[in-house]
Structure formats: C-alpha cells, structure tokens
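*Asks:* Take this structure first; my questions come after.
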Amino acid sequence: MTLCFGILTISDRSSRGEREDKSGPALQEKILAFGWRVNQLDIIPDDLPAIQETLVRWVDSQGLDVILTTGGTGFSPRDVTPEATHAVIERPAP
C-alpha cells in the first residue's frame, strides 16, 4: 500500500520568507525514502483559522492518508497548532 501524505509547515517567519523551512523538506525526504508519496506540501502562518481551514480542505479534497504538521514556533503563546488540530479532528491519537 502506498501511503499519501500532506506536510504542513506552520511558521510565521517561514511563511513570510524570512526563514528557510527545513523541517518540511526533511519530512518529505524521509517519506519518499519509504516509497510513499507527498501530495501536498505547504507553509502557512501560525494562525488558528488558517490552520483549521487548511487541514479540513486537505482532508476533504486531497485524498491524503496522513497529514503531518511541523513548524518552528515551539510551545509558546503564539503556537496554536495543537488547538487548531484538536478543533477539526474526530478522535485524537496521541
């Protein structure tokens, strides 16, 4: 079975072009090494509605098996990825 992935980098600075995203391409390299596919690869800012919208759109229209989120903010007040993800999933799998 060939899995199909989406990789969403969530970073204010990378989305503005101020910092190179290294985590998204690193994940893509590992995924491709397993013979899987990456059908979506994007960088967006740390913005709750933007994260939610992107996750829902990818799930609804891209036929992805797995979506990985990555980013550079870390656990700070500006990091809203956990909250955005929790708002759109049906069942968490920590």
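Just remember, in the structure tokens the first chain shown is A, the second B, etc., residues are 1-based per chain, and ligands are 1-based in the order shown.
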Assign secondary structure with DSSP using the backbone only, and return the residues of chain A in alpha helix (DSSP H) as a PyMOL selection string.

*Replies:* chain A and resi 12-15+23-33+48-61+81-88

*Asks:* Just the selected residues (N, CA, C and O atoms), exported as a compact mmCIF listing (two decimals), in the first residue's frame, please.

*Replies:*
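Result file is out_1.txt:
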```txt
# COMPACT_ATOMS: atom_id res chain seq x y z
N ASP A 12 5.32 31.44 11.19
CA ASP A 12 5.15 32.82 10.75
C ASP A 12 6.31 33.26 9.87
O ASP A 12 6.12 33.76 8.77
N ARG A 13 7.53 33.06 10.37
CA ARG A 13 8.70 33.55 9.62
C ARG A 13 8.91 32.81 8.31
O ARG A 13 9.23 33.43 7.29
N SER A 14 8.73 31.51 8.29
CA SER A 14 8.91 30.76 7.04
C SER A 14 7.82 31.12 6.04
O SER A 14 8.09 31.20 4.84
N SER A 15 6.60 31.35 6.50
CA SER A 15 5.52 31.71 5.59
C SER A 15 5.75 33.08 4.95
O SER A 15 5.28 33.34 3.85
N SER A 23 12.22 21.76 8.08
CA SER A 23 11.52 20.59 8.62
C SER A 23 10.61 19.94 7.58
O SER A 23 10.55 18.71 7.50
N GLY A 24 9.90 20.72 6.78
CA GLY A 24 9.03 20.16 5.75
C GLY A 24 9.80 19.32 4.74
O GLY A 24 9.46 18.16 4.50
N PRO A 25 10.86 19.88 4.14
CA PRO A 25 11.66 19.08 3.21
C PRO A 25 12.32 17.86 3.86
O PRO A 25 12.45 16.82 3.22
N ALA A 26 12.71 17.96 5.13
CA ALA A 26 13.30 16.81 5.82
C ALA A 26 12.27 15.69 5.97
O ALA A 26 12.58 14.51 5.73
N LEU A 27 11.05 16.04 6.34
CA LEU A 27 9.99 15.04 6.42
C LEU A 27 9.70 14.44 5.05
O LEU A 27 9.52 13.23 4.91
N GLN A 28 9.66 15.28 4.03
CA GLN A 28 9.40 14.79 2.68
C GLN A 28 10.46 13.79 2.25
O GLN A 28 10.14 12.74 1.68
N GLU A 29 11.70 14.08 2.53
CA GLU A 29 12.80 13.18 2.17
C GLU A 29 12.61 11.81 2.82
O GLU A 29 12.78 10.77 2.17
N LYS A 30 12.26 11.79 4.10
CA LYS A 30 12.05 10.52 4.81
C LYS A 30 10.86 9.75 4.25
O LYS A 30 10.91 8.53 4.08
N ILE A 31 9.78 10.46 3.96
CA ILE A 31 8.57 9.82 3.42
C ILE A 31 8.86 9.20 2.06
O ILE A 31 8.49 8.04 1.80
N LEU A 32 9.53 9.93 1.21
CA LEU A 32 9.86 9.41 -0.13
C LEU A 32 10.80 8.22 -0.04
O LEU A 32 10.72 7.30 -0.86
N ALA A 33 11.69 8.22 0.95
CA ALA A 33 12.62 7.10 1.12
C ALA A 33 11.89 5.79 1.43
O ALA A 33 12.40 4.71 1.13
N LEU A 48 -4.79 30.34 13.79
CA LEU A 48 -5.75 29.29 14.08
C LEU A 48 -6.72 29.04 12.92
O LEU A 48 -6.84 27.90 12.46
N PRO A 49 -7.42 30.07 12.39
CA PRO A 49 -8.34 29.79 11.28
C PRO A 49 -7.64 29.25 10.03
O PRO A 49 -8.18 28.37 9.34
N ALA A 50 -6.45 29.74 9.73
CA ALA A 50 -5.73 29.27 8.55
C ALA A 50 -5.33 27.79 8.69
O ALA A 50 -5.42 27.02 7.74
N ILE A 51 -4.90 27.42 9.88
CA ILE A 51 -4.52 26.02 10.13
C ILE A 51 -5.75 25.13 10.01
O ILE A 51 -5.72 24.11 9.31
N GLN A 52 -6.83 25.51 10.66
CA GLN A 52 -8.06 24.72 10.60
C GLN A 52 -8.54 24.57 9.16
O GLN A 52 -8.88 23.47 8.72
N GLU A 53 -8.60 25.67 8.44
CA GLU A 53 -9.09 25.65 7.06
C GLU A 53 -8.23 24.75 6.18
O GLU A 53 -8.75 23.97 5.37
N THR A 54 -6.94 24.84 6.34
CA THR A 54 -6.03 24.03 5.52
C THR A 54 -6.20 22.55 5.83
O THR A 54 -6.30 21.72 4.92
N LEU A 55 -6.24 22.20 7.10
CA LEU A 55 -6.41 20.79 7.48
C LEU A 55 -7.72 20.23 6.93
O LEU A 55 -7.75 19.15 6.35
N VAL A 56 -8.81 20.97 7.10
CA VAL A 56 -10.11 20.50 6.62
C VAL A 56 -10.12 20.38 5.10
O VAL A 56 -10.59 19.39 4.54
N ARG A 57 -9.58 21.38 4.43
CA ARG A 57 -9.55 21.36 2.95
C ARG A 57 -8.73 20.17 2.45
O ARG A 57 -9.15 19.46 1.53
N TRP A 58 -7.59 19.93 3.06
CA TRP A 58 -6.76 18.80 2.64
C TRP A 58 -7.46 17.47 2.87
O TRP A 58 -7.43 16.59 2.02
N VAL A 59 -8.10 17.32 4.00
CA VAL A 59 -8.80 16.07 4.29
C VAL A 59 -9.96 15.87 3.32
O VAL A 59 -10.18 14.78 2.81
N ASP A 60 -10.71 16.93 3.06
CA ASP A 60 -11.90 16.83 2.21
C ASP A 60 -11.60 16.65 0.73
O ASP A 60 -12.39 16.04 0.02
N SER A 61 -10.47 17.16 0.26
CA SER A 61 -10.29 17.19 -1.19
C SER A 61 -9.00 16.57 -1.72
O SER A 61 -8.85 16.45 -2.93
N THR A 81 -1.16 25.52 16.90
CA THR A 81 -1.35 24.29 16.13
C THR A 81 -2.09 23.21 16.91
O THR A 81 -3.02 22.60 16.38
N PRO A 82 -1.75 22.95 18.18
CA PRO A 82 -2.49 21.91 18.91
C PRO A 82 -3.99 22.23 19.01
O PRO A 82 -4.84 21.36 18.81
N GLU A 83 -4.32 23.49 19.30
CA GLU A 83 -5.72 23.88 19.42
C GLU A 83 -6.45 23.80 18.08
O GLU A 83 -7.60 23.33 18.01
N ALA A 84 -5.80 24.23 17.02
CA ALA A 84 -6.41 24.18 15.69
C ALA A 84 -6.64 22.74 15.25
O ALA A 84 -7.70 22.41 14.70
N THR A 85 -5.68 21.88 15.51
CA THR A 85 -5.82 20.47 15.14
C THR A 85 -6.92 19.82 15.95
O THR A 85 -7.78 19.11 15.40
N HIS A 86 -6.93 20.06 17.25
CA HIS A 86 -7.94 19.46 18.12
C HIS A 86 -9.35 19.86 17.68
O HIS A 86 -10.29 19.06 17.78
N ALA A 87 -9.51 21.07 17.17
CA ALA A 87 -10.83 21.57 16.78
C ALA A 87 -11.39 20.87 15.53
O ALA A 87 -12.59 20.87 15.32
N VAL A 88 -10.53 20.25 14.72
CA VAL A 88 -11.01 19.67 13.46
C VAL A 88 -10.92 18.15 13.39
O VAL A 88 -11.39 17.55 12.42
```

*Asks:* Please indicate the distance in Å from CA of Thr2 (chain A) to CA of Pro94 (chain A), rounded to one decimal place.

*Replies:*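 Interatomic distance, CA of Thr2 (chain A) to CA of Pro94 (chain A): 23.3 Å.
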
*Asks:* Using only C-alpha atoms, can you tell me which of A:Ala93, A:Glu18, A:Ser11, A:Ile67 comes closest to Asp46 (chain A)?

*Replies:*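 Among the listed residues, the smallest separation from Asp46 (chain A) belongs to A:Ser11.
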
*Asks:* Using only C-alpha atoms, determine which residues lie at most 7 Å from Val66 (chain A), disregarding the query and same-chain residues fewer than 5 positions distant; provide the list as a VMD selection string.

*Replies:* chain A and resid 4 to 6

*Asks:* What does the file look like for those residues with C-alpha atoms, as an mmCIF file, in the first residue's frame?

*Replies:*
```cif
data_model
loop_
_atom_site.group_PDB
_atom_site.id
_atom_site.type_symbol
_atom_site.label_atom_id
_atom_site.label_comp_id
_atom_site.auth_asym_id
_atom_site.auth_seq_id
_atom_site.Cartn_x
_atom_site.Cartn_y
_atom_site.Cartn_z
ATOM 1 C CA CYS A 4 -0.231 9.527 0.566
ATOM 2 C CA PHE A 5 0.997 12.342 2.834
ATOM 3 C CA GLY A 6 0.480 16.026 3.296
#
```

*Asks:* Check chain A with DSSP on the backbone and list each residue it calls strand (DSSP E), as a list in words.

*Replies:*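 So the strand (DSSP E) residues in chain A would be Cys4, Phe5, Gly6, Ile7, Leu8, Thr9, Ile10, Arg37, Val38, Asn39, Gln40, Leu41, Asp42, Ile43, Ile44, Val66, Ile67, Leu68, Thr69, Thr70 and Gly71 of chain A.
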
*Asks:* Go through A:Gly35, A:Gly17, A:Pro45, A:Gly63 and flag the residue nearest Val80 (chain A), using only C-alpha atoms for the distances.

*Replies:*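 Under the stated criterion, the closest residue is A:Pro45.
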
*Asks:* What is the distance, in Å and to one decimal place, between CA of Asp79 (chain A) and CA of Asp21 (chain A)?

*Replies:* 16.4 Å

*Asks:* Take CA of Gln62 (chain A) and CA of Glu20 (chain A) and report the distance between them in Å, one decimal.

*Replies:*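 One can read the CA of Gln62 (chain A) to CA of Glu20 (chain A) distance as 25.4 Å.
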